[in-house]
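Engineer: I'm passing along entry10.cif; it holds mmCIF, C-alpha atoms and all ligand atoms.
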data_protein
loop_
_atom_site.group_PDB
_atom_site.id
_atom_site.type_symbol
_atom_site.label_atom_id
_atom_site.label_comp_id
_atom_site.auth_asym_id
_atom_site.auth_seq_id
_atom_site.Cartn_x
_atom_site.Cartn_y
_atom_site.Cartn_z
ATOM 1 C CA MET A 1407 0.000 0.000 0.000
ATOM 2 C CA LYS A 1408 2.755 2.337 0.918
ATOM 3 C CA LYS A 1409 4.585 1.681 -2.287
ATOM 4 C CA ILE A 1410 1.557 2.531 -4.391
ATOM 5 C CA LEU A 1411 1.044 5.798 -2.559
ATOM 6 C CA LEU A 1412 4.656 6.639 -3.062
ATOM 7 C CA PHE A 1413 4.428 5.802 -6.736
ATOM 8 C CA VAL A 1414 1.319 7.869 -7.251
ATOM 9 C CA SER A 1415 2.739 10.874 -5.473
ATOM 10 C CA LEU A 1416 5.923 10.493 -7.495
ATOM 11 C CA MET A 1417 3.887 10.493 -10.694
ATOM 12 C CA MET A 1418 2.028 13.557 -9.517
ATOM 13 C CA ILE A 1419 5.239 15.337 -8.911
ATOM 14 C CA ILE A 1420 6.604 14.354 -12.313
ATOM 15 C CA LEU A 1421 3.431 15.439 -14.017
ATOM 16 C CA PHE A 1422 3.509 18.708 -12.149
ATOM 17 C CA VAL A 1423 7.075 19.370 -13.059
ATOM 18 C CA VAL A 1424 6.586 18.410 -16.703
ATOM 19 C CA GLY A 1425 3.409 20.423 -16.950
ATOM 20 C CA CYS A 1426 5.001 23.492 -15.573
ATOM 21 C CA SER A 1427 8.169 23.276 -17.445
ATOM 22 C CA ASN A 1428 6.658 22.555 -20.819
ATOM 23 C CA ASP A 1429 4.027 25.179 -20.523
ATOM 24 C CA VAL A 1430 1.616 22.589 -21.841
ATOM 25 C CA ALA A 1431 -1.771 22.976 -20.387
ATOM 26 C CA ILE A 1432 -2.640 20.040 -18.319
ATOM 27 C CA ASP A 1433 -6.105 20.153 -16.967
ATOM 28 C CA ASP A 1434 -5.114 19.097 -13.559
ATOM 29 C CA HIS A 1435 -2.902 22.024 -13.116
ATOM 30 C CA GLN A 1436 -5.102 24.652 -14.573
ATOM 31 C CA ASP A 1437 -7.493 26.789 -12.685
ATOM 32 C CA GLU A 1438 -11.127 25.990 -12.742
ATOM 33 C CA SER A 1439 -11.673 29.038 -14.877
ATOM 34 C CA ASP A 1440 -12.107 28.829 -18.626
ATOM 35 C CA HIS A 1441 -9.005 30.640 -19.474
ATOM 36 C CA THR A 1442 -7.701 29.454 -22.730
ATOM 37 C CA ASP A 1443 -4.081 29.093 -23.416
ATOM 38 C CA ASP A 1444 -4.096 32.156 -25.583
ATOM 39 C CA VAL A 1445 -5.419 34.316 -22.860
ATOM 40 C CA HIS A 1446 -3.295 32.582 -20.377
ATOM 41 C CA ASP A 1447 -0.199 33.420 -22.276
ATOM 42 C CA GLU A 1448 0.718 36.822 -21.238
ATOM 43 C CA PRO A 1449 2.025 38.792 -24.082
ATOM 44 C CA LYS A 1450 5.676 38.947 -23.725
ATOM 45 C CA PRO A 1451 6.751 42.418 -23.018
ATOM 46 C CA VAL A 1452 8.203 43.724 -26.180
ATOM 47 C CA ALA A 1453 11.812 44.093 -25.580
ATOM 48 C CA GLU A 1454 12.503 47.743 -25.439
ATOM 49 C CA LYS A 1455 14.374 48.807 -28.411
ATOM 50 C CA LYS A 1456 17.483 50.290 -27.148
ATOM 51 C CA VAL A 1457 17.863 53.446 -29.056
ATOM 52 C CA GLU A 1458 21.444 54.134 -28.654
ATOM 53 C CA ALA A 1459 22.110 57.779 -28.480
ATOM 54 C CA PRO A 1460 24.664 58.806 -31.015
ATOM 55 C CA VAL A 1461 27.932 58.756 -29.279
ATOM 56 C CA LYS A 1462 29.283 62.206 -29.163
ATOM 57 C CA THR A 1463 32.951 62.064 -29.589
ATOM 58 C CA ILE A 1464 34.404 65.133 -28.083
ATOM 59 C CA THR A 1465 37.696 65.691 -29.702
ATOM 60 C CA PRO A 1466 39.989 67.621 -27.466
ATOM 61 C CA PRO A 1467 41.436 70.652 -29.144
ATOM 62 C CA ALA A 1468 44.752 70.001 -30.670
ATOM 63 C CA PRO A 1469 47.478 71.016 -28.301
ATOM 64 C CA GLU A 1470 49.001 74.292 -29.159
ATOM 65 C CA PRO A 1471 52.606 74.260 -30.082
ATOM 66 C CA THR A 1472 54.654 74.645 -26.994
ATOM 67 C CA PRO A 1473 55.789 78.180 -26.435
ATOM 68 C CA SER A 1474 59.285 76.979 -25.794
ATOM 69 C CA GLN A 1475 59.487 76.104 -29.448
ATOM 70 C CA PRO A 1476 58.941 79.396 -31.202
ATOM 71 C CA ALA A 1477 57.897 79.239 -34.783
ATOM 72 C CA GLU A 1478 60.489 79.634 -37.430
ATOM 73 C CA SER A 1479 62.807 82.370 -36.443
ATOM 74 C CA SER A 1480 63.859 84.729 -39.113
ATOM 75 C CA VAL A 1481 66.005 87.760 -39.627
ATOM 76 C CA LYS A 1482 64.203 91.058 -39.199
ATOM 77 C CA GLU A 1483 66.046 93.937 -40.799
ATOM 78 C CA PHE A 1484 65.548 97.587 -40.008
ATOM 79 C CA THR A 1485 67.204 100.657 -41.405
ATOM 80 C CA MET A 1486 67.175 103.670 -39.108
ATOM 81 C CA THR A 1487 68.704 107.070 -38.803
ATOM 82 C CA ALA A 1488 69.403 109.130 -35.736
ATOM 83 C CA LYS A 1489 69.294 112.893 -35.613
ATOM 84 C CA GLN A 1490 68.632 115.623 -33.099
ATOM 85 C CA TRP A 1491 66.499 114.473 -31.444
ATOM 86 C CA GLU A 1492 64.840 111.397 -32.631
ATOM 87 C CA PHE A 1493 65.245 108.036 -34.239
ATOM 88 C CA SER A 1494 63.528 107.538 -37.559
ATOM 89 C CA GLN A 1495 61.612 104.612 -36.051
ATOM 90 C CA ARG A 1496 60.153 104.767 -32.592
ATOM 91 C CA GLU A 1497 58.805 101.232 -32.632
ATOM 92 C CA LEU A 1498 60.416 98.030 -33.811
ATOM 93 C CA ARG A 1499 58.330 94.862 -33.778
ATOM 94 C CA VAL A 1500 59.765 91.352 -34.024
ATOM 95 C CA LYS A 1501 58.958 87.793 -32.962
ATOM 96 C CA GLN A 1502 60.715 86.078 -30.142
ATOM 97 C CA GLY A 1503 63.733 84.253 -31.431
ATOM 98 C CA ASP A 1504 64.146 86.484 -34.427
ATOM 99 C CA THR A 1505 67.539 87.792 -35.352
ATOM 100 C CA VAL A 1506 67.275 91.563 -35.342
ATOM 101 C CA LYS A 1507 69.515 93.381 -37.754
ATOM 102 C CA ILE A 1508 69.528 97.162 -37.490
ATOM 103 C CA THR A 1509 71.427 99.270 -39.957
ATOM 104 C CA ILE A 1510 71.746 102.692 -38.397
ATOM 105 C CA SER A 1511 73.576 105.946 -38.951
ATOM 106 C CA SER A 1512 73.563 109.473 -37.634
ATOM 107 C CA GLU A 1513 72.512 112.375 -39.803
ATOM 108 C CA ASP A 1514 74.128 115.068 -37.724
ATOM 109 C CA VAL A 1515 76.097 114.750 -34.509
ATOM 110 C CA THR A 1516 77.325 111.748 -32.593
ATOM 111 C CA HIS A 1517 74.477 109.723 -31.079
ATOM 112 C CA GLY A 1518 74.217 106.365 -29.487
ATOM 113 C CA PHE A 1519 71.903 103.405 -29.836
ATOM 114 C CA SER A 1520 71.329 101.309 -26.765
ATOM 115 C CA VAL A 1521 69.058 98.369 -26.045
ATOM 116 C CA PRO A 1522 70.017 97.313 -22.510
ATOM 117 C CA ALA A 1523 67.750 94.242 -22.568
ATOM 118 C CA PHE A 1524 69.984 92.738 -25.227
ATOM 119 C CA GLY A 1525 73.280 94.254 -24.244
ATOM 120 C CA VAL A 1526 73.334 96.540 -27.261
ATOM 121 C CA SER A 1527 75.237 99.808 -27.025
ATOM 122 C CA GLU A 1528 76.520 101.359 -30.208
ATOM 123 C CA ARG A 1529 78.117 104.715 -30.820
ATOM 124 C CA LEU A 1530 76.888 106.413 -33.967
ATOM 125 C CA SER A 1531 79.473 108.737 -35.389
ATOM 126 C CA PRO A 1532 78.348 111.097 -38.130
ATOM 127 C CA GLY A 1533 78.789 109.766 -41.614
ATOM 128 C CA LYS A 1534 79.312 106.222 -40.450
ATOM 129 C CA THR A 1535 76.841 103.380 -40.776
ATOM 130 C CA GLU A 1536 76.665 100.759 -38.068
ATOM 131 C CA VAL A 1537 75.079 97.358 -38.350
ATOM 132 C CA ILE A 1538 73.786 96.004 -35.068
ATOM 133 C CA GLU A 1539 72.724 92.391 -34.810
ATOM 134 C CA PHE A 1540 71.293 90.425 -31.900
ATOM 135 C CA THR A 1541 68.774 87.715 -31.117
ATOM 136 C CA ALA A 1542 65.495 88.854 -29.636
ATOM 137 C CA ASP A 1543 65.199 85.929 -27.244
ATOM 138 C CA LYS A 1544 63.300 87.829 -24.567
ATOM 139 C CA ALA A 1545 59.643 88.584 -25.108
ATOM 140 C CA GLY A 1546 58.257 91.887 -23.985
ATOM 141 C CA GLU A 1547 58.590 95.572 -24.614
ATOM 142 C CA HIS A 1548 62.141 96.749 -24.400
ATOM 143 C CA SER A 1549 63.170 100.347 -24.643
ATOM 144 C CA PHE A 1550 65.974 101.612 -26.827
ATOM 145 C CA PHE A 1551 67.453 105.063 -26.618
ATOM 146 C CA CYS A 1552 70.366 107.305 -27.369
ATOM 147 C CA ASN A 1553 73.067 106.926 -24.762
ATOM 148 C CA VAL A 1554 75.421 109.621 -25.970
ATOM 149 C CA PRO A 1555 74.565 113.106 -24.734
ATOM 150 C CA CYS A 1556 73.624 115.014 -27.875
ATOM 151 C CA GLY A 1557 71.885 118.154 -26.765
ATOM 152 C CA SER A 1558 68.758 119.452 -25.135
ATOM 153 C CA GLY A 1559 66.461 116.832 -26.656
ATOM 154 C CA HIS A 1560 68.746 113.938 -25.932
ATOM 155 C CA ARG A 1561 66.423 112.343 -23.391
ATOM 156 C CA GLY A 1562 63.627 112.216 -25.891
ATOM 157 C CA MET A 1563 65.598 110.040 -28.274
ATOM 158 C CA LYS A 1564 64.019 106.756 -27.449
ATOM 159 C CA GLY A 1565 61.729 104.070 -28.729
ATOM 160 C CA THR A 1566 60.409 100.603 -28.049
ATOM 161 C CA LEU A 1567 61.443 97.218 -29.323
ATOM 162 C CA ILE A 1568 58.471 94.894 -29.064
ATOM 163 C CA VAL A 1569 59.301 91.221 -28.998
ATOM 164 C CA GLU A 1570 56.156 89.098 -29.403
HETATM 165 CU CU CU B 1 71.577 111.522 -27.542
#
Could you quickly redo this structure as structure tokens?
Structural biologist:
Amino acid sequence: MKKILLFVSLMMIILFVVGCSNDVAIDDHQDESDHTDDVHDEPKPVAEKKVEAPVKTITPPAPEPTPSQPAESSVKEFTMTAKQWEFSQRELRVKQGDTVKITISSEDVTHGFSVPAFGVSERLSPGKTEVIEFTADKAGEHSFFCNVPCGSGHRGMKGTLIVE
């Protein structure tokens, strides 16, 4: 008797497991209601379409050339004259690293041409042309002036060398 009971319950269990796993409607395991399989089957939730947002690739701006590597240096030539009491050019503009070449002469008395920032100090004797050359390796605004006393307007003989 015991064996039969065991067998029957075993069968029940197997049926139950099979019925559930196969999703096959077995009357025993269905509700008393008249639900048909179709109704019973819940519509599978439609898998949400993953709309992938367009990936925004943010390109970092190209690194600027390092300031320690100045662009091509070149020779910047200037021709100037000195006279009482001014230089023919009050502003010279160059790029850092440029070679500055200044051809300069005096039109009257002895003058001087000095750019302390670059160790330039030239005496300009009348009738003589001097060529001054140096490397503008320091950025900034550097003053140049006459450093030979030449009269009442001597102090006004000055200008600016701009190194960018
Ligand atoms: Cu002077």
Engineer: Assuming the chain letters and numbering stay as they are in my file, what does the PyMOL selection byres (((not hetatm)) within 9 of (chain B and resi 1)) actually select? List them as a VMD selection string.
Structural biologist: chain A and resid 1488 to 1492 1515 to 1519 1551 to 1564
Engineer: What is the atom CA of Val1569 of chain A-atom CA of Thr1535 of chain A distance in Å, reported with one decimal?
Structural biologist: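 Separation between atom CA of Val1569 of chain A and atom CA of Thr1535 of chain A: 24.4 Å.
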Engineer: Quote the spacing between atom CA of Ile1510 of chain A and atom CA of Leu1498 of chain A in Å to one decimal place.
Structural biologist: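 These two atoms are separated by 13.1 Å.
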Engineer: Here is a test: counting all atoms listed in the file, which residue of A:Ser1520, A:Ser1527, A:Ser1479, A:Thr1485 is nearest to Gly1503 of chain A?
Structural biologist: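 Of A:Ser1520, A:Ser1527, A:Ser1479, A:Thr1485, the one nearest Gly1503 of chain A is A:Ser1479, counting all atoms listed in the file.
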Engineer: For Ile1508 of chain A, which residue out of A:Glu1570, A:Glu1528, A:Glu1539, A:Glu1478 is the nearest one, using only C-alpha atoms?
Structural biologist: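 Going through A:Glu1570, A:Glu1528, A:Glu1539, A:Glu1478 one by one, the smallest distance to Ile1508 of chain A is for A:Glu1539.
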Engineer: Measure the distance from atom CA of Ser1531 of chain A to atom CA of Ile1568 of chain A in Å and round it to one decimal.
Structural biologist: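 A separation of 25.9 Å between them.
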Engineer: Taking only C-alpha atoms into account, which of A:Lys1534, A:Arg1529, A:Arg1496, A:Lys1507 comes nearest Phe1550 of chain A?
Structural biologist: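 Of A:Lys1534, A:Arg1529, A:Arg1496, A:Lys1507, the one nearest Phe1550 of chain A is A:Arg1496, counting only C-alpha atoms.
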Engineer: Can you sort out the box for segment 1549-1561 of chain A, edges along x, y and z, all listed atoms in, 3 Å on every side, with centre and edge lengths in Å to one decimal, as AutoDock Vina command-line options?
Structural biologist:
--center_x 69.3 --center_y 109.9 --center_z -25.6 --size_x 18.3 --size_y 25.1 --size_z 10.5
Engineer: Counting only C-alpha atoms, find residues at most 8 Å from (65.1, 85.9, -41.9) (file frame) and give them as a PyMOL selection string.
Structural biologist: chain A and resi 1479-1482+1504-1505
Engineer: Could you name the residues that touch Ser1549 of chain A at 7 Å or less, counting all atoms listed in the file, but leaving out those on the same chain fewer than 2 positions away, as a PyMOL selection string?
Structural biologist: chain A and resi 1521+1547+1551+1565-1567
